[in-house]
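S.K.: I'd like to ask some things about the structure below.
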Amino acid sequence: MSTLSRPTDSSSTPTRAAVHGSAARRSTGWRDRVGAYVALTKPRIIELLLVTTVPTMILAEGGLPDLWLVVATLIGGALAAGSANAFNCYLDRDIDEMMNRTKRRPLVTGEIRPRNALVFATALGVVALVWFAWLVNVPAAWLTFGAIAIYVVGYTMILKRRTPQNIVWGGIAGCMPVFIGWAAVTESLSWAALALFGVIFFWTPPHYWPLSVKFKKDYATAGVPMLPVVATDRRVAAEMLGHTIAMIACSLALVPLAGMTWVYTAVAAGLGGWFLWLTISMLRKAQGRARKGPGAMKVFHASITYLTLLFVAVAVDVFLPF
């Protein structure tokens, strides 16, 4: 367990980076300030979450959903994810300062004051919940609330600094857009939605652990017990392989649950086989049974390609005439 203390509010002693950033706060223009607030929302992560939402809505509808419903769901989802990410930046600003990967975030550099970031995160969350309840439906709003709570409280406040399984269970928040998109269309959930949820749940560790491998020293310095920090490369690769097998099983379970065609089946099997080969190669290299194997970042980028193409196949399959 990390011995780092929870970050205090804006009235506490500022960090060195915050002190050095005070001049920057005074001199930046409104465009820079807007850019800093946008950075708090981690827009690149939001893009990946939204990639899974539209295909899910298409599958739930069995065709093209109402365009306004899709737009409203995407806007609400972006607001909710932005809120959760901004809360994460606020709560983790102490460890962000220690890590090379995150030391340029606005709360570390002093571009944004902690209290302002907290207000911003709260406002985004409230607007997202009201938006969903008013313009989408109440079930989707409740699921959105659950997603924010899981990421902020479950992952950031409880799991991240305490267990190497943090990303496994905290990753549930990243699966919620599937449930939210399905509920936006049907006001309910189904076994097909659960299969898609399972795909993302088991995909998350093989996606994030390679990134943790690359930034292992950063996480160790910050006292965050990501699995690659506290376990051998062999164990990390073995757990990635186990999650990958479960992920492929969930992707293929969608075939009978949602009546997918042979096209989706072939794509899911092909993509799954490709990613499985990458994780097996990583394990063989970690075991010393192979001299060469895919690098951590190659697997990380491959995981993004896998998820994107799989959900594209979900959307396309709905419109096939056979």
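Each chain of the structure tokens is named A, B, ... in the order shown, its residues numbered from 1; ligands are numbered from 1 in display order.
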Which residues are near range 163-178 of chain A? Cut-off 8 Å, only C-alpha atoms, ignore same chain within fewer than 5 positions. Put them as an NGL selection string.

M.R.: :A and (1 or 49-50 or 52-53 or 56 or 77 or 143-144 or 146-148 or 150-151 or 154-156 or 193 or 196-198 or 200-202 or 204-205 or 208 or 225-227 or 230)

S.K.: Residues within 9 Å of Ile95 in chain A, please, as a list in words. Count only C-alpha atoms; anything in the same chain fewer than 3 positions from it doesn't count.

M.R.: Leu4, Pro7, Asp92, Met98, Met99, Thr102, Lys103, Tyr219, Thr221, Ala222, Gly223 and Val224 of chain A

S.K.: Kindly indicate which residue among A:Trp203, A:Trp68, A:Phe132, A:Trp182 lies nearest to Ala246 in chain A, using only C-alpha atoms for the distances.

M.R.: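 The answer is A:Trp203, which sits nearest to Ala246 in chain A.
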
S.K.: Which residues are near Ser303 in chain A? Cut-off 7 Å, only C-alpha atoms, ignore same chain within fewer than 4 positions. Put them as an mmCIF file with all heavy atoms, in the first residue's frame.

M.R.:
data_model
loop_
_atom_site.group_PDB
_atom_site.id
_atom_site.type_symbol
_atom_site.label_atom_id
_atom_site.label_comp_id
_atom_site.auth_asym_id
_atom_site.auth_seq_id
_atom_site.Cartn_x
_atom_site.Cartn_y
_atom_site.Cartn_z
ATOM 1 N N HIS A 207 -4.678 -3.913 -22.175
ATOM 2 C CA HIS A 207 -4.493 -2.598 -22.794
ATOM 3 C C HIS A 207 -3.628 -1.702 -21.917
ATOM 4 O O HIS A 207 -2.707 -1.036 -22.411
ATOM 5 C CB HIS A 207 -5.855 -1.946 -23.024
ATOM 6 C CG HIS A 207 -5.792 -0.467 -23.282
ATOM 7 N ND1 HIS A 207 -5.247 0.069 -24.430
ATOM 8 C CD2 HIS A 207 -6.190 0.595 -22.523
ATOM 9 C CE1 HIS A 207 -5.317 1.389 -24.385
ATOM 10 N NE2 HIS A 207 -5.876 1.736 -23.230
ATOM 11 N N VAL A 299 2.036 -3.715 -28.094
ATOM 12 C CA VAL A 299 0.829 -4.382 -27.605
ATOM 13 C C VAL A 299 -0.206 -3.343 -27.192
ATOM 14 O O VAL A 299 -1.399 -3.512 -27.435
ATOM 15 C CB VAL A 299 1.166 -5.314 -26.427
ATOM 16 C CG1 VAL A 299 -0.098 -5.956 -25.869
ATOM 17 C CG2 VAL A 299 2.146 -6.396 -26.872
ATOM 18 N N LEU A 307 -9.841 -3.123 -30.305
ATOM 19 C CA LEU A 307 -11.159 -2.701 -29.814
ATOM 20 C C LEU A 307 -11.893 -1.866 -30.852
ATOM 21 O O LEU A 307 -13.101 -2.037 -31.046
ATOM 22 C CB LEU A 307 -10.993 -1.913 -28.520
ATOM 23 C CG LEU A 307 -12.295 -1.712 -27.733
ATOM 24 C CD1 LEU A 307 -12.750 -3.023 -27.118
ATOM 25 C CD2 LEU A 307 -12.130 -0.646 -26.658
#

S.K.: Show me, as a list in words, the residues that have an atom within 10 Å of Leu254 in chain A when counting only C-alpha atoms, minus same-chain residues fewer than 4 positions from it.

M.R.: Trp191, Ala192, Ala193, Leu194, Ala195, Leu196, Val199, Ala249, Cys250, Ala258, Gly259, Met260, Tyr264, Thr265, Ala268 and Val314 of chain A

S.K.: Compare A:Ala220, A:Ala128, A:Ile245, A:Leu59 by their minimum atom-to-atom distance to Leu74 in chain A, counting only C-alpha atoms, and give me the closest one.

M.R.: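 For Leu74 in chain A, the nearest of the candidates is A:Ala128.
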